[in-house]
Structures are given as C-alpha cells and as structure tokens.
There are 2 protein chains.
Amino acid sequence: MSAGLFDLSGELLDRTDDVIDITDGPEHVLAAVGRAFHQLLERRSLSNNSLWGIAVGLPGPVEFVTGCSVSPPDMPGWDGYPVRTYFSDLYATPVWVDNDVNLLALGELRAGLARGAENVIYVKIGTGIGAGIIAGERIHRGAQGSAGEIGHIAVPTADDTICQCGNRGCLGALASGSALARDGARAAESGESHYLASRLKENGSVSGEDVAAGAQCGDRTCLQLLQRFGHCVGDVMASLVNFFNPSLILIGTGVTGTGDLLLASVREAVYARSLPLATRNLQIRLASLGDEAGLRGGAAMVMDELFCPERLARWLPAGDPTGQPDLVAS
Amino acid sequence: MSAGLFDLSGELLDRTDDVIDITDGPEHVLAAVGRAFHQLLERRSLSNNSLWGIAVGLPGPVEFVTGCSVSPPDMPGWDGYPVRTYFSDLYATPVWVDNDVNLLALGELRAGLARGAENVIYVKIGTGIGAGIIAGERIHRGAQGSAGEIGHIAVPTADDTICQCGNRGCLGALASGSALARDGARAAESGESHYLASRLKENGSVSGEDVAAGAQCGDRTCLQLLQRFGHCVGDVMASLVNFFNPSLILIGTGVTGTGDLLLASVREAVYARSLPLATRNLQIRLASLGDEAGLRGGAAMVMDELFCPERLARWLPAGDPTGQPDLVAS
C-alpha cells in the first residue's frame, strides 16, 4: 500500500509505503491507511483538517457515487463497506473512492505516457489482471463500477484451465502473476525447466518473478510460459481493440522482469488479430510511472472533483479558497 | 436507405425510403441520398438552404472530425471519400457524418428504450454485425472512428469457420445475416432440414429469414442454427459486458423473425459467462425503434452539435436564430 501527500499544483510532497494484506478485512486495512495518512501529516506538523480532499483506490469494483466497495472477489468483509464514510468521519473533508486501476490509468493520463490521449486501456498485471479505461479523456467506470474487470473474459485460444469462478479459459487463470507462478511450479516439478527446478529446490516455491528471470537467462520453458502469458493477454486485447478502438494500451506489470518480453508477445497477438484500421496508430507500451501513477491519479481525481464547475460554485461564495491549506492525500 | 425531415423539436415530419447498393460507390449512392433529401424538401415546397443541418450515417468506420469514410470493408471507392463536403457544397449547411450503428444507438438513447441509460451497447445484425457504443451518455467513436467493429472479434467457443479477413472464428463469419443464410443453405443441400430443403427447391436459395421462419415452425435444425447464432453473439457480448459494464444491451436485428429466439440465446450466453456483478442490473432487449432509430439519432446528433456551447456562441450574436427555418435532414 502506498500513500502520498500532494499540493494543489499536483506536486507529490511526500509518500509512504507499507505491506498490507487486503484479505485482513476493511477495519484492519483502512486503519493502516489511516496511519499512513497520519504519518504524512505529522511529518509536516499538519492537523487532520488540513486536507482539501482524499482519494482511496481499492483492488476491486467500487460504486463511485456512494464510495462503497461492491462485491470484490477474494476480499472478505469488503462488500458494501462504506470506505468514504470511514475517512470523511476522520478528516472532515471530501473523500472519493475508486478502483485502483482506474487511478493508475488517470495518473498516466495526467502525468505519464497517456498525456494527450483520449481513449486508453491500462492493463495492470499483478497477482490477478484488471484494466482501467479512459473514454473521451474520462474514466469509464460502467454501470456498477465494474468496468475493466477483464480477469474473467474468455481467451479465444485458451486451453481447458479451470478458473476459480468455475468457467474455463478465463484470462486471469491463464495470464496473471499467480498463473505464471503456478505454471512455473509445474515446470519445476516435472523437471521440464532446469532453471525453475533449481529455484524450487532453493526456495521451496516458484514465483512469477522466477519465470521472468529464467526467461531472461534463456531458459526455453520460461520463455514459452512468458510468451503464452503475453499471447493470452494479447488475444483478449485484440477483441477489446476492435470494440473500443483505443489509441494507447499501457501495460503495468507488477511481476518484475516480465516487461519487454511480455510486451512483445502482447503486441504480436494484437497485431495478428485486430482490424488494421484500429491498429494503424495504436501504441502498446509499458506504463511509465509504476505505482506512483495510482497516487498521481488519486490526486488528479480529487482536484477534478473539487474544481468541477458544479462543485466550484459551492466553494467560491464561501470566500477565498486559497486561505485554506492546499493539500490532498491519496 | 432511409431519409427523414425533422423540425428542431425532434419531430419526424416526413420520411422516404429507397433500396440502394452501397457497393455502387459514393457518387451513385450519395446522388440517391441527395434525391431523397430533394424529394423531402420539395414535398413541403422548401429550398435547399432551408436546413439547419444534415446528418449522414454510413455502414462503416467514419472519421467524425473530417466527415470522411475510412477504410470501410466491402465498400469499393468509399475510402477517404469526403461525404461531408459532398452535402455541404449542395446545401450550404453544416453536415455531420457518422457510422450508422452509432446513429441507431443515439436514436434509442434519445427516443427509444435507452432513454436515461448512461452506458449502452447497441448490436446491429444485418448482412454483417456491428455495434454502437454509448459511454457516459455520449457516442464512443474511438481513436479512428472504428469503435464497435465487433465483426472480427474472435468467438471464444468458435469452430474453425474461416472469415473473409483470413482469421478463424470471427463473430461476423458465425453470426450475421449472411452467415445464417450460408449455414441454412448447407442444411438445405445436405437434407438435414426438410423445411430449408423445400425453401431451396422453391426459391433457388436460402435466406436468413428462411432459417428464422423454419425455427418458428419448429424445424430442429433451424432452431439449432439460430441458437448457435445467438450463443456466438452472447459469448462475445459476455466479454464486452465484463470489460465495459453497460446497463443495457440492445439487439437490432434486420433478419426478420429472429427476434425473440435470438434474444433468448444471447441472454443465456451472457448470463453464463459474465461476472454476476456486471449482470446484476443488466438488461438485454430488442431495439424498439427499428431503422427509425437511425433517423432520430441523426437528427439528435445535428441538434447536439448545433447547440453545443462552443457552437451556440457562434450562432447567437448573428441575431435571432428562430428567424430561420427550423429543419434538419437525416
């Protein structure tokens, strides 16, 4: 988990990072986030009411209007949890809650590679896989806030791998950090990959990062696993390119070392399957800002919402807003 | 081809219909459209310069900013053709050109079943298959104006049918009016369907409408063909529902008689494969306005563009706009 403090010009003044487990439930996790905010304010001797606004990004669908988490998979206790109220009670300031990949996409739109683009798909690959969508320069959240949940899209060229959801050939079951680790472990156990077998012997387990490192050392099985991974992502993106016609796809991978190899395989599959017109000016690139994009996206969202014409009308009659401290937490 | 005359309250005053072949090339086709406009004006004794604006819908990708057709498949002579200039020279009035399914979607949004919806996918099934996308109450055209070109999306459960584009399992090669006619003809020739065999003997060919009629008479092969058709559409829509999270999918089918049976199969496939959260409040319905939606969408587009704040500023200083005739052609 990362937390950042911004001024109203969008400059990141300070950040702090911590390892938390989202499955510990909302009380534990939000308390840790609150401690991070407290730490950021304390370092600058600021009080709780110095903030103009707060943005929170969650790894699951969010009902943006109410600021509640909605039916997130693998996050016990979070369904319907009022994340906005939790923080607005603590800080007496406006709070917005959104899906974390939406914030990554918005961060790249405002401060990264997506600057100036109108239609963007940001694909985040971590333990699972998800997308953030920019349509006409705005975050597209969909009717239930679940837009971008691409982990259970069926891969057209999939094998029979069964997903946690019970269906076969889901993208997330074939192309995610945990899928790569699972396939790597199999290749280690069967002895198909010497590299992974030695990793397994050393560490007792195989990670997605091990497969990526093996591929970079030229291990053929690791290369094939990473290629299949990229082709699965690319096969699904090819469909989405035909449907959505973005000008830019950004891949943000949290599996260290997968970057360029993954990118090449994704591109190969997209260019093989999408309409030539839709790929004529399409760029497919690695995201530029890493997880800082999420913080920057949060700050941008707070400022967009605070200073949208409807809300601005509410602020202005109250006097000069510059008389207040100019800080945003994300 | 349909052409309509509207007043600025959005009322359809008159319409005229003609059969044209888009493959005759832009000069022939646009001349026919021009004759239709002329006829509509003449019936009311109006001159060419009585129009506030004109909308034109084309069955292929359109670069909205320039009003040019872009790389449309199976439309020789249309690539890059300046459709806007053709009509603005004739009528000395603003002209907007868009993909025809976008106009169908906009028509349903303003005057049909999609009223009040923010995120809508309109699927048009005719000879081919295409989609119009409404994101946040606005038409989503994509970077090259090719958004909604779903005909070449790979169907996850597809067989090995080869598409005109060279790829296998494209939606349009499995689920379109022409695919249904092709499969129907095969079932007639093999004698698998007695109903279709007798249609073939009578008419010398089998159409998609014949298959639909056979299904309604209880012919098992026809029923299966129509079901497979709907499942292919539904399998692709299931992916798009996960990605886009619409509140409404509208199916506009030009293959007479396919309506309810097709709808049932599409629904079955979407509910089997999409995330429960994304389908919680999702409606999948048959479009309500038929091809009138395209005319209404065109009129709405002209009025949206004429009266958007940027353009309105240009009109107002010129004096009372109500002094001009209040007509829109679409």
# chains A, B, ... in the order shown; residues from 1 in each chain; ligands from 1

$ residues_around --residues "Lys124 of chain A" --least-positions-apart "6" --cutoff "10 Å" --atoms "only C-alpha atoms" --output "VMD selection string"
chain A and resid 100 to 102 104 to 105 130 to 132 176 250 to 254 287

$ closest_atom_pairs --of "chain A" --to "chain B" --cutoff "6 Å" --atoms "only C-alpha atoms" --output "JSON lines"
{"residue": "A:Gly142", "atom": "CA", "partner": "B:Asn245", "partner_atom": "CA", "distance": 4.6}
{"residue": "A:Ala143", "atom": "CA", "partner": "B:Ser247", "partner_atom": "CA", "distance": 5.4}
{"residue": "A:Ala147", "atom": "CA", "partner": "B:Phe244", "partner_atom": "CA", "distance": 4.7}
{"residue": "A:Gly148", "atom": "CA", "partner": "B:Phe243", "partner_atom": "CA", "distance": 4.6}
{"residue": "A:Glu149", "atom": "CA", "partner": "B:Asn242", "partner_atom": "CA", "distance": 5.6}
{"residue": "A:Ile150", "atom": "CA", "partner": "B:Phe243", "partner_atom": "CA", "distance": 5.6}
{"residue": "A:Ile153", "atom": "CA", "partner": "B:Ser239", "partner_atom": "CA", "distance": 5.0}
{"residue": "A:Pro156", "atom": "CA", "partner": "B:Pro156", "partner_atom": "CA", "distance": 3.9}
{"residue": "A:Ser239", "atom": "CA", "partner": "B:Ile153", "partner_atom": "CA", "distance": 5.0}
{"residue": "A:Asn242", "atom": "CA", "partner": "B:Glu149", "partner_atom": "CA", "distance": 5.5}
{"residue": "A:Phe243", "atom": "CA", "partner": "B:Gly148", "partner_atom": "CA", "distance": 4.6}
{"residue": "A:Phe244", "atom": "CA", "partner": "B:Ala147", "partner_atom": "CA", "distance": 4.7}
{"residue": "A:Asn245", "atom": "CA", "partner": "B:Gly142", "partner_atom": "CA", "distance": 4.7}
{"residue": "A:Pro246", "atom": "CA", "partner": "B:Ala143", "partner_atom": "CA", "distance": 5.5}
{"residue": "A:Ser247", "atom": "CA", "partner": "B:Ala143", "partner_atom": "CA", "distance": 5.4}

$ write_last_selection --atoms "N, CA and C atoms" --output "compact mmCIF listing (two decimals), in the first residue's frame"
# COMPACT_ATOMS: atom_id res chain seq x y z
N GLY A 142 -18.47 2.34 -15.85
CA GLY A 142 -19.55 1.41 -16.14
C GLY A 142 -20.71 1.54 -15.17
N ALA A 143 -21.75 0.74 -15.40
CA ALA A 143 -23.00 0.89 -14.66
C ALA A 143 -22.86 0.52 -13.18
N ALA A 147 -16.51 -1.89 -14.69
CA ALA A 147 -15.84 -1.86 -16.00
C ALA A 147 -14.35 -2.13 -15.81
N GLY A 148 -13.76 -2.84 -16.76
CA GLY A 148 -12.34 -3.16 -16.67
C GLY A 148 -12.04 -4.47 -15.98
N GLU A 149 -13.08 -5.17 -15.52
CA GLU A 149 -12.85 -6.47 -14.85
C GLU A 149 -12.63 -7.54 -15.92
N ILE A 150 -11.43 -7.54 -16.47
CA ILE A 150 -11.16 -8.41 -17.63
C ILE A 150 -10.65 -9.79 -17.23
N ILE A 153 -12.75 -12.68 -18.63
CA ILE A 153 -13.04 -12.75 -20.07
C ILE A 153 -12.43 -14.05 -20.60
N PRO A 156 -9.92 -16.50 -26.42
CA PRO A 156 -10.37 -17.28 -27.57
C PRO A 156 -9.51 -18.52 -27.84
N SER A 239 -9.56 -8.31 -29.15
CA SER A 239 -11.01 -8.14 -29.18
C SER A 239 -11.39 -6.74 -28.68
N ASN A 242 -10.75 -3.98 -31.19
CA ASN A 242 -11.81 -3.89 -32.20
C ASN A 242 -13.04 -3.20 -31.64
N PHE A 243 -13.39 -3.52 -30.41
CA PHE A 243 -14.60 -2.96 -29.80
C PHE A 243 -14.42 -1.50 -29.42
N PHE A 244 -13.26 -1.18 -28.81
CA PHE A 244 -13.12 0.12 -28.15
C PHE A 244 -12.28 1.12 -28.95
N ASN A 245 -11.42 0.61 -29.83
CA ASN A 245 -10.56 1.44 -30.67
C ASN A 245 -9.78 2.50 -29.86
N PRO A 246 -8.94 2.04 -28.92
CA PRO A 246 -8.12 2.99 -28.16
C PRO A 246 -6.94 3.46 -29.00
N SER A 247 -6.32 4.58 -28.60
CA SER A 247 -5.09 4.99 -29.28
C SER A 247 -3.87 4.47 -28.53

$ select_by_dssp --residues "segment 100-175 of chain B" --states "helix (DSSP H, G or I)" --output "list of chain:residue names"
B:Asp100, B:Val101, B:Asn102, B:Leu103, B:Leu104, B:Ala105, B:Leu106, B:Gly107, B:Glu108, B:Leu109, B:Arg110, B:Ala111, B:Ile150, B:Gly151, B:His152, B:Leu171, B:Gly172, B:Ala173, B:Leu174

$ atom_distance --atom1 "atom CA of Val19 of chain A" --atom2 "atom CA of Leu295 of chain A"
15.9 Å

$ select_by_dssp --residues "segment 20-68 of chain B" --states "strand (DSSP E or B)" --output "CSV table (one decimal) with all heavy atoms, in the first residue's frame"
chain,number,residue,atom,x,y,z
B,51,LEU,N,-32.3,24.2,-44.5
B,51,LEU,CA,-31.9,23.2,-43.5
B,51,LEU,C,-30.9,23.8,-42.5
B,51,LEU,O,-30.0,24.5,-42.9
B,51,LEU,CB,-31.3,22.0,-44.1
B,51,LEU,CG,-32.2,21.1,-45.0
B,51,LEU,CD1,-31.4,20.1,-45.8
B,51,LEU,CD2,-33.3,20.4,-44.2
B,52,TRP,N,-31.2,23.5,-41.2
B,52,TRP,CA,-30.2,23.9,-40.2
B,52,TRP,C,-29.0,23.0,-40.2
B,52,TRP,O,-27.9,23.4,-39.8
B,52,TRP,CB,-30.9,23.8,-38.8
B,52,TRP,CG,-31.6,25.0,-38.4
B,52,TRP,CD1,-32.7,25.5,-38.9
B,52,TRP,CD2,-31.2,25.9,-37.3
B,52,TRP,NE1,-33.1,26.7,-38.2
B,52,TRP,CE2,-32.2,26.9,-37.2
B,52,TRP,CE3,-30.1,25.9,-36.4
B,52,TRP,CZ2,-32.1,27.9,-36.3
B,52,TRP,CZ3,-30.0,26.9,-35.5
B,52,TRP,CH2,-31.0,28.0,-35.4
B,53,GLY,N,-29.2,21.8,-40.6
B,53,GLY,CA,-28.1,20.8,-40.6
B,53,GLY,C,-28.5,19.5,-41.2
B,53,GLY,O,-29.7,19.2,-41.4
B,54,ILE,N,-27.5,18.7,-41.6
B,54,ILE,CA,-27.7,17.4,-42.2
B,54,ILE,C,-26.8,16.4,-41.5
B,54,ILE,O,-25.7,16.6,-41.1
B,54,ILE,CB,-27.3,17.4,-43.7
B,54,ILE,CG1,-28.2,18.3,-44.4
B,54,ILE,CG2,-27.3,16.0,-44.3
B,54,ILE,CD1,-27.9,18.5,-45.9
B,55,ALA,N,-27.4,15.2,-41.2
B,55,ALA,CA,-26.6,14.0,-40.7
B,55,ALA,C,-26.7,12.9,-41.7
B,55,ALA,O,-27.7,12.7,-42.3
B,55,ALA,CB,-27.2,13.6,-39.3
B,56,VAL,N,-25.5,12.3,-41.8
B,56,VAL,CA,-25.5,11.1,-42.8
B,56,VAL,C,-24.9,9.9,-42.0
B,56,VAL,O,-23.8,10.1,-41.3
B,56,VAL,CB,-24.6,11.4,-44.0
B,56,VAL,CG1,-24.5,10.2,-44.9
B,56,VAL,CG2,-25.1,12.7,-44.7
B,57,GLY,N,-25.5,8.8,-42.1
B,57,GLY,CA,-25.0,7.6,-41.4
B,57,GLY,C,-24.5,6.6,-42.5
B,57,GLY,O,-25.1,6.3,-43.5
B,58,LEU,N,-23.2,6.1,-42.3
B,58,LEU,CA,-22.6,5.2,-43.3
B,58,LEU,C,-22.3,3.8,-42.6
B,58,LEU,O,-21.9,3.8,-41.4
B,58,LEU,CB,-21.3,5.7,-43.8
B,58,LEU,CG,-21.3,7.0,-44.7
B,58,LEU,CD1,-19.9,7.3,-45.0
B,58,LEU,CD2,-22.1,6.7,-45.9
B,62,VAL,N,-16.1,5.9,-39.8
B,62,VAL,CA,-16.1,7.3,-40.3
B,62,VAL,C,-15.1,8.1,-39.4
B,62,VAL,O,-15.1,7.9,-38.2
B,62,VAL,CB,-17.5,7.9,-40.2
B,62,VAL,CG1,-17.5,9.4,-40.5
B,62,VAL,CG2,-18.5,7.1,-41.1
B,63,GLU,N,-14.3,8.9,-40.0
B,63,GLU,CA,-13.5,9.9,-39.2
B,63,GLU,C,-14.5,11.1,-39.0
B,63,GLU,O,-14.7,11.9,-39.9
B,63,GLU,CB,-12.3,10.3,-40.0
B,63,GLU,CG,-11.3,11.1,-39.2
B,63,GLU,CD,-10.0,11.4,-40.0
B,63,GLU,OE1,-10.2,12.2,-41.0
B,63,GLU,OE2,-9.0,10.9,-39.6
B,68,CYS,N,-15.2,12.0,-43.3
B,68,CYS,CA,-14.8,11.1,-44.4
B,68,CYS,C,-15.0,9.7,-43.9
B,68,CYS,O,-14.7,9.3,-42.8
B,68,CYS,CB,-13.4,11.4,-44.7
B,68,CYS,SG,-13.0,12.9,-45.5

$ atom_distance --atom1 "atom CA of Ser2 of chain A" --atom2 "atom CA of Ser330 of chain A"
8.4 Å

$ residues_around --residues "Leu286 of chain B" --least-positions-apart "3" --cutoff "12 Å" --atoms "only C-alpha atoms" --output "list of chain:residue names"
B:Glu108, B:Gly112, B:Leu113, B:Ala114, B:Ile121, B:Tyr122, B:Val123, B:Lys124, B:Ile125, B:Leu248, B:Ile249, B:Leu250, B:Ile251, B:Gly252, B:Thr253, B:Gly254, B:Thr258, B:Gly259, B:Asp260, B:Leu261, B:Leu262, B:Leu263, B:Ala264, B:Val266, B:Arg267, B:Gln283, B:Leu289, B:Gly290

$ residues_around --residues "Leu226 of chain A" --least-positions-apart "4" --cutoff "12 Å" --atoms "only C-alpha atoms" --output "compact mmCIF listing (two decimals) with N, CA and C atoms, in the first residue's frame"
# COMPACT_ATOMS: atom_id res chain seq x y z
N LEU A 174 -5.11 -17.70 -16.75
CA LEU A 174 -4.04 -18.02 -17.69
C LEU A 174 -2.94 -16.97 -17.70
N ALA A 175 -3.31 -15.73 -17.40
CA ALA A 175 -2.34 -14.65 -17.52
C ALA A 175 -2.44 -13.73 -16.32
N SER A 176 -1.68 -14.04 -15.29
CA SER A 176 -1.62 -13.22 -14.08
C SER A 176 -0.37 -13.68 -13.34
N GLY A 177 0.02 -12.91 -12.35
CA GLY A 177 1.19 -13.29 -11.58
C GLY A 177 1.03 -14.68 -10.98
N ALA A 179 -0.96 -17.14 -12.01
CA ALA A 179 -0.98 -18.18 -13.05
C ALA A 179 0.44 -18.51 -13.49
N LEU A 180 1.27 -17.48 -13.59
CA LEU A 180 2.65 -17.69 -14.02
C LEU A 180 3.42 -18.50 -12.97
N ALA A 181 3.16 -18.18 -11.71
CA ALA A 181 3.81 -18.92 -10.62
C ALA A 181 3.35 -20.38 -10.63
N ASP A 183 2.17 -22.17 -13.21
CA ASP A 183 2.73 -22.88 -14.36
C ASP A 183 4.23 -23.10 -14.19
N GLY A 184 4.89 -22.12 -13.55
CA GLY A 184 6.32 -22.26 -13.28
C GLY A 184 6.58 -23.40 -12.32
N GLY A 208 6.28 -15.91 -10.07
CA GLY A 208 6.23 -15.35 -11.42
C GLY A 208 7.56 -14.68 -11.77
N GLU A 209 8.16 -14.05 -10.78
CA GLU A 209 9.44 -13.37 -11.00
C GLU A 209 10.53 -14.37 -11.39
N ASP A 210 10.47 -15.60 -10.77
CA ASP A 210 11.44 -16.64 -11.13
C ASP A 210 11.32 -17.00 -12.61
N VAL A 211 10.07 -17.12 -13.10
CA VAL A 211 9.86 -17.46 -14.51
C VAL A 211 10.43 -16.35 -15.40
N ALA A 212 10.18 -15.09 -15.00
CA ALA A 212 10.70 -13.96 -15.78
C ALA A 212 12.23 -13.98 -15.80
N ALA A 213 12.84 -14.26 -14.62
CA ALA A 213 14.31 -14.30 -14.55
C ALA A 213 14.84 -15.45 -15.41
N GLY A 214 14.14 -16.59 -15.38
CA GLY A 214 14.54 -17.74 -16.20
C GLY A 214 14.50 -17.40 -17.68
N ALA A 215 13.45 -16.68 -18.08
CA ALA A 215 13.31 -16.30 -19.49
C ALA A 215 14.47 -15.40 -19.90
N GLN A 216 14.84 -14.50 -18.99
CA GLN A 216 15.95 -13.59 -19.32
C GLN A 216 17.29 -14.32 -19.39
N GLY A 218 17.47 -17.19 -20.72
CA GLY A 218 17.39 -18.02 -21.93
C GLY A 218 16.79 -19.40 -21.71
N ASP A 219 16.21 -19.66 -20.53
CA ASP A 219 15.55 -20.95 -20.27
C ASP A 219 14.33 -21.07 -21.19
N ARG A 220 14.29 -22.13 -22.03
CA ARG A 220 13.28 -22.21 -23.08
C ARG A 220 11.87 -22.33 -22.52
N THR A 221 11.71 -23.13 -21.48
CA THR A 221 10.37 -23.30 -20.89
C THR A 221 9.86 -21.98 -20.32
N CYS A 222 10.74 -21.26 -19.62
CA CYS A 222 10.35 -19.97 -19.06
C CYS A 222 9.94 -19.01 -20.18
N GLY A 230 1.75 -13.62 -22.57
CA GLY A 230 1.55 -12.42 -23.39
C GLY A 230 0.54 -12.63 -24.50
N HIS A 231 0.55 -13.82 -25.10
CA HIS A 231 -0.42 -14.09 -26.17
C HIS A 231 -1.85 -14.12 -25.64
N CYS A 232 -2.03 -14.67 -24.44
CA CYS A 232 -3.38 -14.67 -23.84
C CYS A 232 -3.86 -13.24 -23.61
N VAL A 233 -2.99 -12.42 -23.03
CA VAL A 233 -3.36 -11.00 -22.82
C VAL A 233 -3.65 -10.36 -24.17
N VAL A 255 4.90 -7.92 -11.99
CA VAL A 255 5.76 -9.12 -11.95
C VAL A 255 7.12 -8.72 -12.53
N GLY A 257 10.54 -8.06 -14.11
CA GLY A 257 11.32 -8.75 -15.13
C GLY A 257 10.51 -9.21 -16.33
N THR A 258 9.18 -9.08 -16.26
CA THR A 258 8.36 -9.57 -17.38
C THR A 258 8.23 -8.53 -18.49
N GLY A 259 8.58 -7.27 -18.21
CA GLY A 259 8.30 -6.14 -19.09
C GLY A 259 8.40 -6.35 -20.59
N ASP A 260 9.62 -6.33 -21.13
CA ASP A 260 9.78 -6.28 -22.58
C ASP A 260 9.34 -7.56 -23.28
N LEU A 261 9.62 -8.71 -22.67
CA LEU A 261 9.21 -9.98 -23.29
C LEU A 261 7.70 -10.07 -23.38
N LEU A 262 7.05 -9.67 -22.29
CA LEU A 262 5.59 -9.68 -22.24
C LEU A 262 5.03 -8.73 -23.30
N LEU A 263 5.58 -7.54 -23.35
CA LEU A 263 5.12 -6.52 -24.29
C LEU A 263 5.19 -7.04 -25.73
N ALA A 264 6.30 -7.69 -26.07
CA ALA A 264 6.48 -8.20 -27.44
C ALA A 264 5.38 -9.21 -27.78
N SER A 265 5.08 -10.11 -26.84
CA SER A 265 4.06 -11.14 -27.12
C SER A 265 2.66 -10.53 -27.20
N VAL A 266 2.37 -9.55 -26.35
CA VAL A 266 1.07 -8.88 -26.41
C VAL A 266 0.90 -8.21 -27.76

$ atom_distance --atom1 "atom CA of Arg110 of chain B" --atom2 "atom CA of Met237 of chain B"
23.1 Å

$ closest_residue --among "B:Pro59, B:Arg228, B:Val29, B:Leu8" --to "Leu103 of chain B" --atoms "only C-alpha atoms"
B:Pro59

$ decode --residues "segment 109-124 of chain B" --atoms "N, CA, C and O atoms" --output "PDB file, in the first residue's frame"
ATOM      1  N   LEU B 109     -31.125   6.119 -27.529  1.00  0.00           N
ATOM      2  CA  LEU B 109     -30.802   6.861 -26.298  1.00  0.00           C
ATOM      3  C   LEU B 109     -31.748   8.045 -26.110  1.00  0.00           C
ATOM      4  O   LEU B 109     -32.200   8.341 -25.006  1.00  0.00           O
ATOM      5  N   ARG B 110     -32.076   8.715 -27.204  1.00  0.00           N
ATOM      6  CA  ARG B 110     -32.877   9.929 -27.092  1.00  0.00           C
ATOM      7  C   ARG B 110     -34.377   9.672 -27.178  1.00  0.00           C
ATOM      8  O   ARG B 110     -35.162  10.388 -26.571  1.00  0.00           O
ATOM      9  N   ALA B 111     -34.760   8.627 -27.940  1.00  0.00           N
ATOM     10  CA  ALA B 111     -36.199   8.486 -28.197  1.00  0.00           C
ATOM     11  C   ALA B 111     -36.686   7.050 -28.049  1.00  0.00           C
ATOM     12  O   ALA B 111     -37.846   6.762 -28.340  1.00  0.00           O
ATOM     13  N   GLY B 112     -35.828   6.142 -27.578  1.00  0.00           N
ATOM     14  CA  GLY B 112     -36.240   4.744 -27.505  1.00  0.00           C
ATOM     15  C   GLY B 112     -35.978   4.121 -26.144  1.00  0.00           C
ATOM     16  O   GLY B 112     -36.029   4.795 -25.115  1.00  0.00           O
ATOM     17  N   LEU B 113     -35.660   2.845 -26.153  1.00  0.00           N
ATOM     18  CA  LEU B 113     -35.511   2.086 -24.913  1.00  0.00           C
ATOM     19  C   LEU B 113     -34.307   2.499 -24.068  1.00  0.00           C
ATOM     20  O   LEU B 113     -34.256   2.176 -22.887  1.00  0.00           O
ATOM     21  N   ALA B 114     -33.354   3.180 -24.692  1.00  0.00           N
ATOM     22  CA  ALA B 114     -32.145   3.518 -23.946  1.00  0.00           C
ATOM     23  C   ALA B 114     -32.246   4.859 -23.230  1.00  0.00           C
ATOM     24  O   ALA B 114     -31.275   5.306 -22.619  1.00  0.00           O
ATOM     25  N   ARG B 115     -33.423   5.480 -23.279  1.00  0.00           N
ATOM     26  CA  ARG B 115     -33.578   6.783 -22.617  1.00  0.00           C
ATOM     27  C   ARG B 115     -33.186   6.674 -21.149  1.00  0.00           C
ATOM     28  O   ARG B 115     -33.634   5.773 -20.446  1.00  0.00           O
ATOM     29  N   GLY B 116     -32.329   7.568 -20.699  1.00  0.00           N
ATOM     30  CA  GLY B 116     -31.920   7.584 -19.291  1.00  0.00           C
ATOM     31  C   GLY B 116     -30.732   6.688 -18.985  1.00  0.00           C
ATOM     32  O   GLY B 116     -30.174   6.764 -17.895  1.00  0.00           O
ATOM     33  N   ALA B 117     -30.348   5.823 -19.931  1.00  0.00           N
ATOM     34  CA  ALA B 117     -29.202   4.934 -19.685  1.00  0.00           C
ATOM     35  C   ALA B 117     -27.912   5.696 -19.977  1.00  0.00           C
ATOM     36  O   ALA B 117     -27.879   6.566 -20.842  1.00  0.00           O
ATOM     37  N   GLU B 118     -26.840   5.357 -19.239  1.00  0.00           N
ATOM     38  CA  GLU B 118     -25.577   6.065 -19.466  1.00  0.00           C
ATOM     39  C   GLU B 118     -24.614   5.257 -20.316  1.00  0.00           C
ATOM     40  O   GLU B 118     -23.826   5.807 -21.071  1.00  0.00           O
ATOM     41  N   ASN B 119     -24.678   3.923 -20.156  1.00  0.00           N
ATOM     42  CA  ASN B 119     -23.714   3.058 -20.826  1.00  0.00           C
ATOM     43  C   ASN B 119     -24.456   1.952 -21.560  1.00  0.00           C
ATOM     44  O   ASN B 119     -25.061   1.080 -20.936  1.00  0.00           O
ATOM     45  N   VAL B 120     -24.413   2.012 -22.886  1.00  0.00           N
ATOM     46  CA  VAL B 120     -25.246   1.149 -23.714  1.00  0.00           C
ATOM     47  C   VAL B 120     -24.410   0.549 -24.848  1.00  0.00           C
ATOM     48  O   VAL B 120     -23.545   1.223 -25.412  1.00  0.00           O
ATOM     49  N   ILE B 121     -24.666  -0.711 -25.163  1.00  0.00           N
ATOM     50  CA  ILE B 121     -24.116  -1.300 -26.393  1.00  0.00           C
ATOM     51  C   ILE B 121     -25.299  -1.667 -27.288  1.00  0.00           C
ATOM     52  O   ILE B 121     -26.196  -2.397 -26.864  1.00  0.00           O
ATOM     53  N   TYR B 122     -25.311  -1.115 -28.496  1.00  0.00           N
ATOM     54  CA  TYR B 122     -26.350  -1.435 -29.481  1.00  0.00           C
ATOM     55  C   TYR B 122     -25.724  -2.382 -30.501  1.00  0.00           C
ATOM     56  O   TYR B 122     -24.734  -2.037 -31.150  1.00  0.00           O
ATOM     57  N   VAL B 123     -26.265  -3.593 -30.635  1.00  0.00           N
ATOM     58  CA  VAL B 123     -25.731  -4.562 -31.593  1.00  0.00           C
ATOM     59  C   VAL B 123     -26.668  -4.626 -32.786  1.00  0.00           C
ATOM     60  O   VAL B 123     -27.851  -4.952 -32.630  1.00  0.00           O
ATOM     61  N   LYS B 124     -26.156  -4.286 -33.950  1.00  0.00           N
ATOM     62  CA  LYS B 124     -26.965  -4.337 -35.155  1.00  0.00           C
ATOM     63  C   LYS B 124     -26.590  -5.585 -35.958  1.00  0.00           C
ATOM     64  O   LYS B 124     -25.424  -5.790 -36.304  1.00  0.00           O
TER      65      LYS B 124
END
